[in-house]
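Raw contents of structure38.csv, CSV, C-alpha atoms:
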chain,number,residue,atom,x,y,z
T,1,VAL,CA,-2.1,-8.2,-20.6
T,2,LYS,CA,-5.8,-7.3,-21.0
T,3,GLN,CA,-8.3,-8.0,-18.3
T,4,ILE,CA,-12.1,-7.4,-18.7
T,5,LEU,CA,-14.2,-7.0,-15.6
T,6,PRO,CA,-17.9,-6.0,-15.2
T,7,ARG,CA,-18.2,-2.3,-15.9
T,8,VAL,CA,-14.4,-1.9,-15.7
T,9,GLY,CA,-11.8,-1.7,-18.4
T,10,CYS,CA,-8.2,-2.3,-17.3
T,11,VAL,CA,-5.0,-2.6,-19.2
T,12,GLY,CA,-1.8,-3.5,-17.4
T,13,LEU,CA,1.8,-3.7,-18.7
T,14,ILE,CA,4.6,-5.2,-16.6
T,15,VAL,CA,8.2,-5.3,-17.7
T,16,LEU,CA,10.5,-7.2,-15.4
T,17,GLY,CA,14.1,-8.2,-15.3
T,18,PHE,CA,15.6,-11.7,-15.8
T,19,VAL,CA,13.9,-14.4,-13.7
T,20,PRO,CA,15.4,-18.0,-13.5
T,21,ASP,CA,13.3,-20.6,-15.2
T,22,ALA,CA,13.7,-23.3,-12.5
T,23,LEU,CA,11.4,-22.0,-9.8
T,24,SER,CA,9.9,-25.3,-8.8
T,25,GLY,CA,13.1,-26.3,-6.9
T,26,GLN,CA,13.0,-23.3,-4.6
T,27,GLU,CA,12.1,-23.7,-1.0
T,28,VAL,CA,8.7,-22.3,0.0
T,29,ILE,CA,9.2,-19.7,2.8
T,30,ASP,CA,6.7,-19.2,5.6
T,31,GLU,CA,4.8,-15.9,5.7
T,32,ILE,CA,6.6,-13.4,7.8
T,33,GLN,CA,5.1,-10.3,9.6
T,34,VAL,CA,6.7,-7.5,11.6
T,35,THR,CA,3.8,-5.4,12.9
T,36,ALA,CA,2.3,-7.7,15.7
T,37,THR,CA,5.7,-8.2,17.3
T,38,ARG,CA,7.9,-5.3,16.1
T,39,ARG,CA,10.3,-7.8,14.7
T,40,ALA,CA,10.3,-10.4,11.9
T,41,ALA,CA,8.3,-13.5,13.0
T,42,ASN,CA,6.3,-16.3,11.4
T,43,VAL,CA,2.6,-15.5,11.2
T,44,ASP,CA,1.9,-18.9,12.7
T,45,GLU,CA,3.9,-17.9,15.8
T,46,VAL,CA,1.9,-14.7,16.5
T,47,SER,CA,-1.0,-14.8,18.9
T,48,ALA,CA,-2.6,-11.5,17.7
T,49,ALA,CA,-5.4,-11.6,15.2
T,50,MET,CA,-4.0,-10.2,12.0
T,51,THR,CA,-4.4,-10.0,8.2
T,52,ILE,CA,-1.7,-9.6,5.6
T,53,ILE,CA,-2.6,-8.1,2.2
T,54,PRO,CA,-0.1,-9.1,-0.4
T,55,LEU,CA,1.2,-7.1,-3.4
T,56,GLU,CA,-1.1,-8.8,-5.8
T,57,GLU,CA,-4.2,-7.4,-4.1
T,58,ILE,CA,-2.7,-3.8,-3.8
T,59,VAL,CA,-1.2,-3.1,-7.2
T,60,SER,CA,-4.4,-2.4,-9.2
T,61,VAL,CA,-6.4,-0.5,-6.7
T,62,LYS,CA,-7.1,3.3,-7.0
T,63,VAL,CA,-6.3,4.2,-3.4
T,64,VAL,CA,-4.7,1.9,-0.9
T,65,THR,CA,-7.7,1.8,1.4
T,66,ASP,CA,-9.6,0.0,-1.4
T,67,SER,CA,-7.5,-3.1,-0.7
T,68,ILE,CA,-8.4,-3.0,3.0
T,69,MET,CA,-12.1,-2.9,2.4
T,70,GLY,CA,-14.0,-6.0,3.5
T,71,ARG,CA,-11.2,-7.6,5.6
T,72,PRO,CA,-12.2,-9.5,8.7
T,73,GLY,CA,-12.9,-7.2,11.7
T,74,VAL,CA,-12.3,-4.1,9.6
T,75,PHE,CA,-15.0,-1.6,8.4
T,76,MET,CA,-14.1,1.1,5.9
T,77,GLN,CA,-15.9,4.4,6.0
T,78,GLN,CA,-15.5,6.1,2.7
T,79,THR,CA,-15.8,9.8,3.5
T,80,THR,CA,-15.2,10.8,-0.2
T,81,PRO,CA,-14.5,8.6,-3.3
T,82,GLY,CA,-10.7,9.4,-2.9
T,83,GLN,CA,-10.4,8.7,0.8
T,84,GLY,CA,-11.3,6.1,3.4
T,85,ALA,CA,-11.3,5.8,7.2
T,86,THR,CA,-10.5,2.5,8.8
T,87,ILE,CA,-12.5,1.3,11.8
T,88,ILE,CA,-11.2,-1.8,13.6
T,89,ARG,CA,-13.6,-3.6,15.9
T,90,GLY,CA,-15.6,-0.4,16.4
T,91,LEU,CA,-12.5,1.8,17.2
T,92,LYS,CA,-11.3,4.6,14.9
T,93,GLY,CA,-9.3,7.7,14.5
T,94,SER,CA,-6.6,8.2,17.2
T,95,GLU,CA,-7.5,4.7,18.6
T,96,VAL,CA,-6.1,2.9,15.5
T,97,LEU,CA,-2.4,3.5,14.7
T,98,HIS,CA,-1.5,4.0,11.0
T,99,LEU,CA,2.1,3.3,10.1
T,100,VAL,CA,4.2,3.5,6.9
T,101,ASP,CA,7.5,1.5,7.3
T,102,GLY,CA,7.3,2.1,11.1
T,103,MET,CA,6.7,5.9,10.7
T,104,ARG,CA,3.5,7.1,12.3
T,105,LEU,CA,0.8,8.9,10.3
T,106,ASN,CA,-1.3,9.6,13.4
T,107,ASN,CA,-1.0,9.4,17.2
T,108,ALA,CA,-3.1,9.7,20.3
T,109,ILE,CA,-3.4,13.5,20.2
T,110,PHE,CA,-5.2,13.4,16.8
T,111,ARG,CA,-8.9,13.9,16.7
T,112,ASN,CA,-10.9,10.8,17.8
T,113,ALA,CA,-13.0,10.7,14.6
T,114,PRO,CA,-12.6,8.7,11.4
T,115,THR,CA,-9.3,9.8,9.8
T,116,GLN,CA,-8.4,9.3,6.1
T,117,TYR,CA,-4.6,9.5,6.4
T,118,MET,CA,-3.9,6.0,5.1
T,119,ALA,CA,-5.6,6.8,1.8
T,120,LEU,CA,-2.8,9.3,1.1
T,121,VAL,CA,-0.2,6.4,0.9
T,122,ALA,CA,0.6,5.7,-2.8
T,123,PRO,CA,-0.1,2.0,-3.5
T,124,GLY,CA,2.3,1.7,-6.5
T,125,THR,CA,5.4,0.6,-4.6
T,126,LEU,CA,4.0,-1.1,-1.6
T,127,GLU,CA,5.1,-4.7,-0.8
T,128,ARG,CA,2.3,-5.6,1.6
T,129,ILE,CA,-0.1,-4.2,4.2
T,130,GLU,CA,-0.3,-5.7,7.7
T,131,ILE,CA,-3.4,-5.3,9.9
T,132,VAL,CA,-3.4,-6.2,13.6
T,133,ARG,CA,-6.9,-6.3,15.1
T,134,GLY,CA,-7.1,-5.7,18.8
T,135,ALA,CA,-5.1,-3.8,21.4
T,136,SER,CA,-1.4,-3.3,20.7
T,137,ALA,CA,-0.8,-0.6,23.3
T,138,SER,CA,2.0,-2.6,25.0
T,139,LEU,CA,4.0,-2.3,21.8
T,140,TYR,CA,2.9,1.0,20.3
T,141,GLY,CA,1.3,3.0,23.1
T,142,SER,CA,-2.3,4.2,23.7
T,143,ASP,CA,-2.8,5.2,20.1
T,144,ALA,CA,-2.9,1.5,19.1
T,145,VAL,CA,-5.6,0.5,21.6
T,146,GLY,CA,-7.8,-0.5,18.7
T,147,GLY,CA,-5.2,-2.0,16.4
T,148,VAL,CA,-2.5,-1.2,13.9
T,149,ILE,CA,-2.4,-0.8,10.1
T,150,GLN,CA,1.1,-0.7,8.6
T,151,ALA,CA,1.9,-0.2,4.9
T,152,LEU,CA,5.3,-1.8,4.1
T,153,SER,CA,7.1,-0.4,1.0
T,154,ARG,CA,9.2,-2.3,-1.5
T,155,PHE,CA,12.9,-1.5,-1.5
T,156,PRO,CA,15.4,-2.1,-4.3
T,157,SER,CA,17.8,-5.0,-3.9
T,158,PHE,CA,20.3,-6.7,-6.4
T,159,ASP,CA,22.8,-9.4,-6.1
T,160,SER,CA,24.8,-8.0,-9.0
T,161,ILE,CA,24.5,-5.1,-11.5
T,162,GLY,CA,21.0,-5.1,-12.9
T,163,SER,CA,17.8,-3.1,-13.5
T,164,HIS,CA,14.1,-3.7,-14.0
T,165,GLY,CA,11.0,-1.7,-14.2
T,166,GLU,CA,7.2,-1.9,-14.4
T,167,ALA,CA,4.3,0.1,-15.6
T,168,PHE,CA,0.5,0.0,-15.1
T,169,LEU,CA,-2.1,1.7,-17.1
T,170,GLY,CA,-5.8,1.5,-16.1
T,171,PHE,CA,-9.2,2.9,-17.1
T,172,ASP,CA,-12.4,2.5,-15.1
T,173,THR,CA,-15.7,3.1,-17.0
T,174,ALA,CA,-17.7,3.4,-13.7
T,175,ASP,CA,-16.2,6.7,-12.8
T,176,LEU,CA,-14.0,7.5,-15.9
T,177,ALA,CA,-10.9,6.9,-13.9
T,178,LYS,CA,-7.5,7.1,-15.6
T,179,ILE,CA,-4.5,5.5,-13.8
T,180,VAL,CA,-0.8,5.7,-14.7
T,181,ARG,CA,1.9,4.1,-12.5
T,182,ALA,CA,5.5,3.5,-13.4
T,183,SER,CA,8.7,2.5,-11.5
T,184,ALA,CA,12.3,1.7,-12.2
T,185,GLU,CA,14.9,0.0,-10.1
T,186,PHE,CA,18.7,-0.2,-10.8
T,187,GLY,CA,21.9,-0.8,-9.0
T,188,ASP,CA,24.2,-3.5,-7.7
T,189,GLU,CA,24.8,-5.4,-4.4
T,190,LYS,CA,26.1,-2.2,-2.7
T,191,LEU,CA,24.0,0.6,-4.1
T,192,ALA,CA,20.4,0.3,-5.4
T,193,THR,CA,17.9,2.9,-6.3
T,194,LEU,CA,14.1,3.0,-6.9
T,195,VAL,CA,12.3,5.8,-8.7
T,196,ALA,CA,8.5,5.7,-9.1
T,197,GLY,CA,5.6,8.0,-9.9
T,198,GLU,CA,1.8,7.7,-10.3
T,199,TYR,CA,-1.2,9.8,-11.4
T,200,LEU,CA,-4.9,9.1,-10.9
T,201,ASN,CA,-7.8,11.1,-12.2
T,202,THR,CA,-11.4,10.2,-11.8
T,203,GLY,CA,-14.7,11.7,-13.0
T,204,ASN,CA,-18.0,11.7,-11.2
T,205,ARG,CA,-19.2,8.3,-10.0
T,206,LYS,CA,-21.9,6.5,-12.0
T,207,THR,CA,-24.8,5.0,-10.1
T,208,GLY,CA,-26.9,2.0,-11.0
T,209,THR,CA,-29.4,4.1,-12.7
T,210,GLY,CA,-26.8,5.4,-15.1
T,211,LYS,CA,-26.7,8.9,-13.7
T,212,ARG,CA,-23.5,10.5,-12.4
T,213,ILE,CA,-23.1,12.0,-8.9
T,214,GLY,CA,-21.3,15.3,-8.8
T,215,PRO,CA,-19.0,16.5,-7.5
T,216,SER,CA,-17.5,13.1,-6.7
T,217,GLY,CA,-14.4,13.1,-8.9
T,218,TYR,CA,-10.9,13.5,-7.5
T,219,GLU,CA,-7.2,13.6,-8.5
T,220,ASN,CA,-4.2,12.0,-6.9
T,221,LYS,CA,-0.5,12.5,-7.6
T,222,GLY,CA,2.4,10.7,-6.0
T,223,GLY,CA,6.1,10.0,-6.3
T,224,ARG,CA,8.9,8.1,-4.5
T,225,VAL,CA,12.7,7.9,-4.5
T,226,ALA,CA,14.4,5.2,-2.4
T,227,VAL,CA,18.2,4.6,-2.2
T,228,VAL,CA,19.7,1.6,-0.3
T,229,LEU,CA,23.4,1.7,0.4
T,230,THR,CA,25.1,-1.5,1.8
T,231,PRO,CA,28.8,-0.7,2.4
T,232,HIS,CA,29.5,-3.9,4.3
T,233,SER,CA,27.6,-7.0,5.3
T,234,GLY,CA,25.2,-6.2,8.1
T,235,GLN,CA,25.3,-2.5,7.5
T,236,THR,CA,22.6,-0.7,5.6
T,237,LEU,CA,21.9,3.0,5.0
T,238,LEU,CA,18.5,3.9,3.7
T,239,PHE,CA,17.0,7.1,2.1
T,240,ASP,CA,13.3,7.0,1.3
T,241,LEU,CA,11.2,10.0,0.2
T,242,GLN,CA,7.5,9.5,-0.5
T,243,VAL,CA,5.2,12.2,-1.6
T,244,SER,CA,1.4,12.0,-2.2
T,245,THR,CA,-1.2,14.7,-2.7
T,246,GLN,CA,-4.8,15.0,-3.6
T,247,PRO,CA,-5.2,18.5,-5.1
T,248,VAL,CA,-8.8,17.8,-6.1
T,249,THR,CA,-10.9,15.7,-3.8
Spit out the file's structure as structure tokens when you get a sec.
Amino acid sequence: VKQILPRVGCVGLIVLGFVPDALSGQEVIDEIQVTATRRAANVDEVSAAMTIIPLEEIVSVKVVTDSIMGRPGVFMQQTTPGQGATIIRGLKGSEVLHLVDGMRLNNAIFRNAPTQYMALVAPGTLERIEIVRGASASLYGSDAVGGVIQALSRFPSFDSIGSHGEAFLGFDTADLAKIVRASAEFGDEKLATLVAGEYLNTGNRKTGTGKRIGPSGYENKGGRVAVVLTPHSGQTLLFDLQVSTQPVT
């Protein structure tokens, strides 16, 4: 698939496993969230103001905070081209809780200044991002007085023996960015594994005058291994290792 955007060149390749042809007869499922209630619930049943960013809006971004930029009630301060600090309704830093699959990236004892920890989450294997705007201290404590941002990862799951994988290649002419992402999933109904990796390298950013600002380039490397073991119905054992680093930023 080749997509051409203004000042951006992008090439994506996706290889998926078998998908049934007759999708039209499937029942449409209501959108579900877990962050605003700490349990699965229909978005229409939640009183909190929230935004859900789906997979389709995450998969092609350079860093995960790019997909959060411009959302209602959310301001993104880009401290460097490879990072971004989220401000929800004027609150920031230790007042906004950052989660990855329920694990805290920050807490109330962190500095009360714009923090860029969410930018270190690799976007390649995320399923969605949930943003809760407004106080959630009754659920998460004082470090969620401004809101909660949670990145939810994709986990491997199969009804029978199978496998599938995907790859994404991208190039951005504005800052000479090169993106490589790949993942593979395999297993059966009892044991499933996901292996993924990604690499991003950008040059100096190009301004509207045609000049490049330096140093503004950065590099990002990430990888993930997830194993889901389901020995019996209702029992699940999970191993998930995620690593992301910016050696040059």
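Every protein or nucleic acid residue with an atom no more than 12 Å from segment 207-210 of chain T, counting all atoms listed in the file and leaving out same-chain residues fewer than 5 positions away, appears here: Arg7, Thr173, Ala174, Asp175 and Ser216 of chain T.
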Give me, as JSON lines, the closest atom pair and its distance (Å, one decimal) for every residue of segment 59-78 of chain T within a cut-off of 12 Å of segment 166-169 of chain T, counting only C-alpha atoms, rows sorted by chain and rising number.
{"residue": "T:Val59", "atom": "CA", "partner": "T:Phe168", "partner_atom": "CA", "distance": 8.7}
{"residue": "T:Ser60", "atom": "CA", "partner": "T:Phe168", "partner_atom": "CA", "distance": 8.0}
{"residue": "T:Val61", "atom": "CA", "partner": "T:Phe168", "partner_atom": "CA", "distance": 10.9}
{"residue": "T:Lys62", "atom": "CA", "partner": "T:Leu169", "partner_atom": "CA", "distance": 11.4}
Let me see the file: selected residues, C-alpha atoms, as a PDB file, in the coordinates of the input.
ATOM      1  CA  VAL T  59      -1.200  -3.100  -7.200  1.00  0.00           C
ATOM      2  CA  SER T  60      -4.400  -2.400  -9.200  1.00  0.00           C
ATOM      3  CA  VAL T  61      -6.400  -0.500  -6.700  1.00  0.00           C
ATOM      4  CA  LYS T  62      -7.100   3.300  -7.000  1.00  0.00           C
TER       5      LYS T  62
END
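Separating atom CA of Pro215 of chain T from atom CA of Asn112 of chain T is a distance of 27.2 Å.
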With segment 33-46 of chain T as the partner and 8 Å as the cut-off, tabulate the residues of segment 94-187 of chain T that qualify, each row holding the nearest pair of atoms and their distance in Å to one decimal, using only C-alpha atoms, sorted by chain and rising number, as a Markdown table.
| residue | atom | partner | partner_atom | distance |
| --- | --- | --- | --- | --- |
| T:Glu130 | CA | T:Thr35 | CA | 6.6 |
| T:Ile131 | CA | T:Thr35 | CA | 7.8 |
| T:Val132 | CA | T:Ala36 | CA | 6.3 |
| T:Ser136 | CA | T:Ala36 | CA | 7.6 |
| T:Leu139 | CA | T:Arg38 | CA | 7.5 |
| T:Val148 | CA | T:Thr35 | CA | 7.6 |
| T:Gln150 | CA | T:Thr35 | CA | 6.9 |
Find the nearest atom pair between each residue of segment 36-134 of chain T and segment 182-198 of chain T for residues within 12 Å, count only C-alpha atoms, give distances in Å to one decimal, sort rows by chain and ascending number, and present the table as a Markdown table.
| residue | atom | partner | partner_atom | distance |
| --- | --- | --- | --- | --- |
| T:Val59 | CA | T:Ala182 | CA | 11.3 |
| T:Ser60 | CA | T:Glu198 | CA | 11.9 |
| T:Lys62 | CA | T:Glu198 | CA | 10.5 |
| T:Val63 | CA | T:Glu198 | CA | 11.2 |
| T:Val121 | CA | T:Glu198 | CA | 11.5 |
| T:Ala122 | CA | T:Glu198 | CA | 7.9 |
| T:Pro123 | CA | T:Glu198 | CA | 9.1 |
| T:Gly124 | CA | T:Glu198 | CA | 7.1 |
| T:Thr125 | CA | T:Ala196 | CA | 7.5 |
| T:Leu126 | CA | T:Ala196 | CA | 11.1 |
From the list T:Val248, T:Ile32, T:Ile149, T:Leu241, the nearest residue to Thr80 of chain T using all atoms listed in the file is T:Val248
Contacts of Pro81 of chain T at 9 Å or less, counting only C-alpha atoms, minus same-chain residues fewer than 6 places along, as an NGL selection string? :T and (205 or 216-218 or 249)
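Taking atom CA of Asp172 of chain T as the reference point, atom CA of Val74 of chain T is found at 25.6 Å.
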As lines of an AutoDock Vina configuration file, what would the box around segment 169-182 of chain T look like: edges along x, y and z, 8 Å added on every side, centre and edge lengths in Å to one decimal?
center_x = -6.1
center_y = 4.5
center_z = -14.8
size_x = 39.2
size_y = 22.0
size_z = 20.6
Straight-line distance linking atom CA of Asp240 of chain T with atom CA of Gly141 of chain T, stated in Å to one decimal: 25.2 Å
For Glu219 of chain T, please output as a compact mmCIF listing (two decimals) with C-alpha atoms, in the frame of the given file all residues within 9 Å (counting all atoms listed in the file; exclusion window: fewer than 5 positions along the same chain).
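Heads up, here's the output in part05.txt:
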# COMPACT_ATOMS: atom_id res chain seq x y z
CA GLY T 82 -10.70 9.40 -2.90
CA TYR T 199 -1.20 9.80 -11.40
CA LEU T 200 -4.90 9.10 -10.90
CA ASN T 201 -7.80 11.10 -12.20
CA THR T 202 -11.40 10.20 -11.80
CA GLY T 203 -14.70 11.70 -13.00
CA THR T 245 -1.20 14.70 -2.70
CA GLN T 246 -4.80 15.00 -3.60
CA PRO T 247 -5.20 18.50 -5.10
CA VAL T 248 -8.80 17.80 -6.10
CA THR T 249 -10.90 15.70 -3.80
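Here the question is which of T:Val145, T:Val225, T:Leu91, T:Ala49 gets nearest to Arg71 of chain T using all atoms listed in the file, and that residue is T:Ala49.
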Restricting the calculation to only C-alpha atoms: of T:Arg133, T:Lys178, T:Arg212, T:His98, which residue gets closest to Gly73 of chain T?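 That would be T:Arg133, the residue with the smallest distance to Gly73 of chain T.
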Of T:Phe155, T:Phe110, T:Phe239, T:Phe75, the one nearest to Ser142 of chain T when counting only C-alpha atoms is T:Phe110
Which residue of T:Val243, T:Leu97, T:Ala177, T:Leu120 approaches Gly146 of chain T most closely, using all atoms listed in the file: T:Leu97
Spatial neighbours of Gln116 of chain T, 9 Å, only C-alpha atoms, chain gap at least 3 places, as a PyMOL selection string: chain T and resi 65+77-79+83-86+93+119-120
Measuring between only C-alpha atoms, which one of T:Ala137, T:Ala48, T:Ile68, T:Met118 shows the shortest distance to Asn106 of chain T?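 Closest residue, counting only C-alpha atoms: T:Met118.
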